[in-house]
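A quick write-up on the structure given underneath.
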Amino acid sequence: MEYGAEGVGLFRTEFLFMERESPPEEDEQFEAYRRVAEAMAGRPVIVRTLDVGGDKAIPWLGRMEEANPFLGLRGVRLTLDRPELLLVQLRAILRARVYGDLWVMLPMITTLGEVRAVRQMLQRAAEELRTAGKEHAEAPLGIMIEVPSAALLAERLLEEVDFASVGTNDLTQYTLAVDRTNEKVGPLADALHPAVLRLVAAVAAAGRKREKWVGVCGDLAGDPLAAPILVGLGVKELSMAPPLLPEVKEAIRALSMTRAEEIARRALSCATAEEVRELLVGVLAARFP
Ligand code: PEP
Ligand code: MG
C-alpha cells in the first residue's frame with residue numbers, strides 16, 4: 001500500500017506450504033488469510049489456491065516421478081488429485097472472507113471440467129462450514145489463464161467464473177514451447193512475442209464480451225514498457241511486485257486510451273518480439289525525447 005497498490009492481484013499461497021514437513025492446517029491458513037484481509041482493509045485480495053508442481057517442488061508431497069513436470073501434475077491438476085488439500089484451503093479462505101474482500105483464483109486451468117470440479121468443492125467447503133457452525137462467506141471464483149487452450153476458450157470459461165487473470169510467465173512458456181527454467185532456451189521466453197500478445201488480446205476481448213474482469217498477473221504486468229499494450233488491449237488490472245508500481249503507473253498516466261489502443265493494435269501486427277520491443281522503445285523515446 002505504501003507503493004500505491006489498490007489491492008493484491010496475486011497472493012501466492014504456495015509460500016505457506018513450502019519449507020516444512022507437512023501442509024498447514026485449516027486454522028493456520030485461516031489466520032494467515034485473515035491477517036492479509038484485515039491488513040488490506042476492504043481492498044480486494046486475490047488468493048491463488050496452491051500452485052505447486054512443475055518447478056515448485058514440495059518435500060511433503062513426496063517424489064513425483066514425471067518426465068515432463070511442467071506438463072504434468074501441477075497447479076489445479078495437483079490439488080484436484082489431492083482434493084482434501086484443496087478442501088482445507090477453500091474452507092480457510094471462505095472463513096477469512098468474513099474479514100475482507102478475498103477472491104479465489106485457480107492456477108493452471110486447462111479445461112472447463114476443472115472449473116466445474118472446483119466449483120463443486122467450493123460448495124462442499126461452504127456446506128461443511130455451515131454444518132460445523134463456522135462463520136464464513138461466499139467468495140468470487142476466478143481462473144488464471146496460463147495455458148493456450150484456456151486463452152482460446154476464455155469466452156466459454158468466463159461464462160462460469162467471475163474473473164480471469166492472465167499468467168504471462170506460464171502462458172509464454174506454453175505458447176512458445178520454451179521451458180522457463182532452462183537457461184539454454186530462456187531468452188526465447190519473451191512475453192512480448194506477438195503470439196503471446198494475441199492470446200492476451202483474445203482473453204481481454206472475451207472479458208469485454210462476457211462483461212467479466214480480466215487482469216494480468218504474470219511478470220509482463222510489471223514491465224512499464226508493456227503497459228501501453230496491456231492497457232490498450234483492455235486489461236483491467238495489473239498485478240506486480242510492489243516496487244514496480246510507481247513506474248508502471250507513470251507509464252500508464254502518460255497515455256490516452258486512444259493512443260494505448262493504437263500501440264496495442266500495432267504490436268499485434270508485429271511478427272517478432274524484437275519488432276514489438278522496437279515499437280515500445282519508440283513510444284518511450286517519444287515521451288522522453
Ligand atoms: C504466471 O505463470 O504468469 C504466474 C503469475 O504464475 P507463476 O509465475 O507463479 O507460475
Ligand atoms: Mg504460473
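Identifiers in this document derive from the order of the C-alpha cells: chains are assigned A, B, ..., residues are numbered from 1 separately in each chain, and ligands are numbered from 1 in order of occurrence.
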I need the helix (DSSP H, G or I) residues of stretch 34-208 of chain A per DSSP on the backbone, written as number ranges by chain.
A: 34-39, 59-61, 69-71, 76-81, 83-99, 112-132, 148-152, 154-158, 168-176, 186-188, 194-208
Please return as a list in words the residues found within 9 Å of ligand 2, counting only C-alpha atoms and all ligand atoms.
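Those within range of ligand 2 are Asp51, Gly75, Pro107, Met108, Met144, Ile145, Glu146, Val166, Gly167, Thr168, Asn169, Asp170, Leu171, Cys217 and Gly218 of chain A.
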Counting only C-alpha atoms, the option among A:Leu238, A:Ala227, A:Ala154, A:Ala39 closest to A:Ala202
A:Ala154
One-decimal distance in Å that lies between atom CA of A:Arg97 and atom CA of A:Leu129:
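These two atoms are separated by 12.7 Å.
Of the listed residues A:Met240, A:Ala285, A:Val248, A:Leu197, the one whose atoms come nearest to ligand 1 is A:Met240, with distances taken using only C-alpha atoms and all ligand atoms.
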Identify, on the basis of only C-alpha atoms, every residue whose closest approach to A:Leu176 does not exceed 8 Å; exclude the query and any residue fewer than 2 positions from it along the same chain; express the result as number ranges by chain.
A: 172-174, 178, 188-189
What does the file look like for those residues with N, CA, C and O atoms, as a PDB file, in the first residue's frame?
```pdb
ATOM      1  N   THR A 172       3.527 -17.761 -21.716  1.00  0.00           N
ATOM      2  CA  THR A 172       4.650 -17.633 -22.656  1.00  0.00           C
ATOM      3  C   THR A 172       5.342 -18.980 -22.837  1.00  0.00           C
ATOM      4  O   THR A 172       5.617 -19.417 -23.956  1.00  0.00           O
ATOM      5  N   GLN A 173       5.593 -19.653 -21.721  1.00  0.00           N
ATOM      6  CA  GLN A 173       6.269 -20.951 -21.765  1.00  0.00           C
ATOM      7  C   GLN A 173       5.489 -21.962 -22.613  1.00  0.00           C
ATOM      8  O   GLN A 173       6.063 -22.679 -23.433  1.00  0.00           O
ATOM      9  N   TYR A 174       4.167 -21.988 -22.430  1.00  0.00           N
ATOM     10  CA  TYR A 174       3.371 -22.992 -23.150  1.00  0.00           C
ATOM     11  C   TYR A 174       3.062 -22.577 -24.592  1.00  0.00           C
ATOM     12  O   TYR A 174       2.836 -23.422 -25.440  1.00  0.00           O
ATOM     13  N   VAL A 178       8.825 -23.109 -24.601  1.00  0.00           N
ATOM     14  CA  VAL A 178      10.122 -22.786 -24.000  1.00  0.00           C
ATOM     15  C   VAL A 178      10.042 -23.042 -22.493  1.00  0.00           C
ATOM     16  O   VAL A 178       9.216 -22.438 -21.808  1.00  0.00           O
ATOM     17  N   LEU A 188      14.398 -17.156 -25.333  1.00  0.00           N
ATOM     18  CA  LEU A 188      13.244 -17.281 -26.243  1.00  0.00           C
ATOM     19  C   LEU A 188      11.921 -16.989 -25.521  1.00  0.00           C
ATOM     20  O   LEU A 188      10.913 -16.702 -26.159  1.00  0.00           O
ATOM     21  N   ALA A 189      11.959 -17.092 -24.199  1.00  0.00           N
ATOM     22  CA  ALA A 189      10.724 -16.915 -23.423  1.00  0.00           C
ATOM     23  C   ALA A 189      10.422 -15.428 -23.263  1.00  0.00           C
ATOM     24  O   ALA A 189      10.582 -14.856 -22.199  1.00  0.00           O
TER      25      ALA A 189
END
```
Quick one, how far is atom CA of A:Leu245 from atom CA of A:Leu50?
25.2 Å
Work out how far apart atom CA of A:Arg12 and atom CA of A:Arg48 are and give it in Å to one decimal.
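Interatomic distance here is 5.8 Å.
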When DSSP works through the backbone of this structure, what residues of stretch 145-228 of chain A end up as strand (DSSP E), shown as a list in words?
Ile145, Phe163, Ala164, Ser165, Val166, Trp213, Val214, Gly215 and Val216 of chain A
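Of the residues under consideration (A:Leu230, A:Lys249, A:Ser256, A:Pro242), A:Leu230 shows the shortest atom-to-atom contact distance to A:Leu280 when counting only C-alpha atoms.
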Minimum-distance residue to ligand 1, chosen among A:Asp81, A:Glu14, A:Glu25, A:Asp190 (using only C-alpha atoms and all ligand atoms):
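Of all the options, A:Glu14 lies closest to ligand 1.
Using only C-alpha atoms and all ligand atoms for every distance, the candidate list A:Arg198, A:Arg74, A:Arg34, A:Arg277 yields A:Arg74 as the residue closest to ligand 1.
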Using only C-alpha atoms and all ligand atoms, can you tell me which of A:Ala195, A:Ala201, A:Met105, A:Ala5 comes closest to ligand 1?
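Using only C-alpha atoms and all ligand atoms, the shortest distance to ligand 1 belongs to A:Met105.
Within 12 Å of A:Arg259, once only C-alpha atoms are used and residues closer than 2 positions along the same chain are dropped, the contacting residues are Ala227, Pro228, Ile229, Val231, Gly232, Leu233, Ile252, Arg253, Ala254, Leu255, Ser256, Met257, Glu261, Glu262, Ile263, Ala264, Arg265, Arg266 and Val283 of chain A.
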Produce a file of the selected residues containing all heavy atoms, as a CSV table (one decimal), in the first residue's frame.
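File written: selection23.csv
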```
chain,number,residue,atom,x,y,z
A,227,ALA,N,3.2,-1.7,-20.5
A,227,ALA,CA,1.9,-1.2,-20.0
A,227,ALA,C,1.0,-0.6,-21.1
A,227,ALA,O,-0.2,-0.9,-21.1
A,227,ALA,CB,2.2,-0.1,-19.0
A,228,PRO,N,1.5,0.1,-22.1
A,228,PRO,CA,0.6,0.6,-23.2
A,228,PRO,C,-0.1,-0.5,-23.9
A,228,PRO,O,-1.3,-0.3,-24.2
A,228,PRO,CB,1.6,1.4,-24.1
A,228,PRO,CG,2.8,1.6,-23.4
A,228,PRO,CD,2.9,0.5,-22.4
A,229,ILE,N,0.6,-1.6,-24.1
A,229,ILE,CA,-0.1,-2.7,-24.9
A,229,ILE,C,-1.2,-3.3,-24.0
A,229,ILE,O,-2.4,-3.4,-24.5
A,229,ILE,CB,0.9,-3.8,-25.2
A,229,ILE,CG1,2.0,-3.3,-26.1
A,229,ILE,CG2,0.2,-5.0,-25.9
A,229,ILE,CD1,3.0,-4.3,-26.6
A,231,VAL,N,-2.9,-2.1,-21.4
A,231,VAL,CA,-4.0,-1.2,-21.2
A,231,VAL,C,-4.8,-1.1,-22.5
A,231,VAL,O,-6.0,-1.1,-22.5
A,231,VAL,CB,-3.5,0.2,-20.7
A,231,VAL,CG1,-4.6,1.2,-20.7
A,231,VAL,CG2,-2.9,0.1,-19.3
A,232,GLY,N,-4.0,-0.9,-23.6
A,232,GLY,CA,-4.7,-0.8,-24.9
A,232,GLY,C,-5.5,-2.0,-25.3
A,232,GLY,O,-6.5,-1.9,-26.1
A,233,LEU,N,-5.1,-3.2,-24.9
A,233,LEU,CA,-5.9,-4.4,-25.2
A,233,LEU,C,-7.1,-4.5,-24.3
A,233,LEU,O,-8.0,-5.3,-24.6
A,233,LEU,CB,-5.0,-5.6,-24.9
A,233,LEU,CG,-3.9,-5.9,-25.9
A,233,LEU,CD1,-3.1,-7.1,-25.5
A,233,LEU,CD2,-4.3,-6.0,-27.3
A,252,ILE,N,1.4,4.4,-17.5
A,252,ILE,CA,0.0,4.4,-17.9
A,252,ILE,C,-0.5,5.9,-17.9
A,252,ILE,O,-1.3,6.2,-18.9
A,252,ILE,CB,-0.8,3.6,-16.9
A,252,ILE,CG1,-0.4,2.1,-17.0
A,252,ILE,CG2,-2.3,3.7,-17.2
A,252,ILE,CD1,-1.0,1.2,-16.0
A,253,ARG,N,-0.1,6.7,-17.0
A,253,ARG,CA,-0.7,8.0,-16.9
A,253,ARG,C,-0.2,8.9,-18.1
A,253,ARG,O,-0.8,9.9,-18.4
A,253,ARG,CB,-0.3,8.7,-15.6
A,253,ARG,CG,-1.1,8.1,-14.4
A,253,ARG,CD,-0.7,8.8,-13.1
A,253,ARG,NE,-1.4,8.1,-12.1
A,253,ARG,CZ,-1.0,7.9,-10.8
A,253,ARG,NH1,0.3,8.2,-10.5
A,253,ARG,NH2,-1.7,7.4,-9.9
A,254,ALA,N,0.9,8.5,-18.7
A,254,ALA,CA,1.5,9.2,-19.8
A,254,ALA,C,0.7,9.0,-21.1
A,254,ALA,O,1.0,9.6,-22.1
A,254,ALA,CB,2.9,8.9,-20.0
A,255,LEU,N,-0.3,8.1,-21.1
A,255,LEU,CA,-1.0,7.7,-22.3
A,255,LEU,C,-2.5,8.1,-22.3
A,255,LEU,O,-3.1,8.1,-21.2
A,255,LEU,CB,-1.0,6.2,-22.4
A,255,LEU,CG,0.2,5.5,-22.7
A,255,LEU,CD1,0.0,4.0,-22.3
A,255,LEU,CD2,0.6,5.6,-24.2
A,256,SER,N,-3.0,8.4,-23.5
A,256,SER,CA,-4.5,8.4,-23.6
A,256,SER,C,-4.9,7.0,-23.9
A,256,SER,O,-4.1,6.2,-24.4
A,256,SER,CB,-4.9,9.4,-24.7
A,256,SER,OG,-4.5,8.9,-25.9
A,257,MET,N,-6.2,6.7,-23.7
A,257,MET,CA,-6.7,5.3,-24.1
A,257,MET,C,-6.6,5.1,-25.6
A,257,MET,O,-6.2,4.0,-26.0
A,257,MET,CB,-8.1,5.2,-23.6
A,257,MET,CG,-8.6,3.8,-23.6
A,257,MET,SD,-7.6,2.7,-22.4
A,257,MET,CE,-8.1,1.1,-23.1
A,261,GLU,N,-4.6,2.1,-27.3
A,261,GLU,CA,-5.2,1.2,-28.3
A,261,GLU,C,-4.5,1.1,-29.6
A,261,GLU,O,-4.4,0.0,-30.2
A,261,GLU,CB,-6.7,1.6,-28.5
A,261,GLU,CG,-7.6,1.2,-27.3
A,261,GLU,CD,-9.0,1.8,-27.3
A,261,GLU,OE1,-9.2,2.6,-28.2
A,261,GLU,OE2,-9.7,1.4,-26.4
A,262,GLU,N,-4.0,2.2,-30.0
A,262,GLU,CA,-3.3,2.3,-31.3
A,262,GLU,C,-1.9,1.5,-31.2
A,262,GLU,O,-1.6,0.7,-32.0
A,262,GLU,CB,-3.0,3.7,-31.7
A,262,GLU,CG,-2.2,3.9,-33.0
A,262,GLU,CD,-1.5,5.3,-33.0
A,262,GLU,OE1,-2.1,6.3,-32.5
A,262,GLU,OE2,-0.4,5.3,-33.5
A,263,ILE,N,-1.2,1.7,-30.0
A,263,ILE,CA,0.0,0.9,-29.8
A,263,ILE,C,-0.3,-0.6,-29.8
A,263,ILE,O,0.5,-1.4,-30.3
A,263,ILE,CB,0.7,1.4,-28.5
A,263,ILE,CG1,1.1,2.9,-28.7
A,263,ILE,CG2,1.9,0.6,-28.2
A,263,ILE,CD1,1.4,3.6,-27.4
A,264,ALA,N,-1.3,-0.9,-29.1
A,264,ALA,CA,-1.7,-2.4,-29.0
A,264,ALA,C,-2.0,-3.0,-30.3
A,264,ALA,O,-1.5,-4.1,-30.6
A,264,ALA,CB,-2.9,-2.5,-28.0
A,265,ARG,N,-2.7,-2.2,-31.1
A,265,ARG,CA,-3.0,-2.7,-32.5
A,265,ARG,C,-1.8,-2.9,-33.3
A,265,ARG,O,-1.6,-3.9,-34.0
A,265,ARG,CB,-3.9,-1.7,-33.2
A,265,ARG,CG,-5.3,-2.2,-33.6
A,265,ARG,CD,-6.1,-1.3,-34.5
A,265,ARG,NE,-5.8,0.2,-34.4
A,265,ARG,CZ,-6.5,1.0,-33.6
A,265,ARG,NH1,-7.4,0.5,-32.8
A,265,ARG,NH2,-6.2,2.3,-33.5
A,266,ARG,N,-0.8,-2.0,-33.2
A,266,ARG,CA,0.4,-2.1,-33.9
A,266,ARG,C,1.2,-3.3,-33.4
A,266,ARG,O,1.9,-4.0,-34.2
A,266,ARG,CB,1.2,-0.8,-33.9
A,266,ARG,CG,0.6,0.3,-34.8
A,266,ARG,CD,1.2,1.6,-34.7
A,266,ARG,NE,2.7,1.6,-34.9
A,266,ARG,CZ,3.4,2.6,-34.5
A,266,ARG,NH1,2.9,3.7,-33.9
A,266,ARG,NH2,4.7,2.6,-34.7
A,283,VAL,N,8.0,4.4,-28.5
A,283,VAL,CA,6.9,5.1,-27.8
A,283,VAL,C,7.6,5.8,-26.6
A,283,VAL,O,7.3,6.9,-26.3
A,283,VAL,CB,5.9,4.0,-27.2
A,283,VAL,CG1,4.9,4.7,-26.2
A,283,VAL,CG2,5.1,3.4,-28.4
```
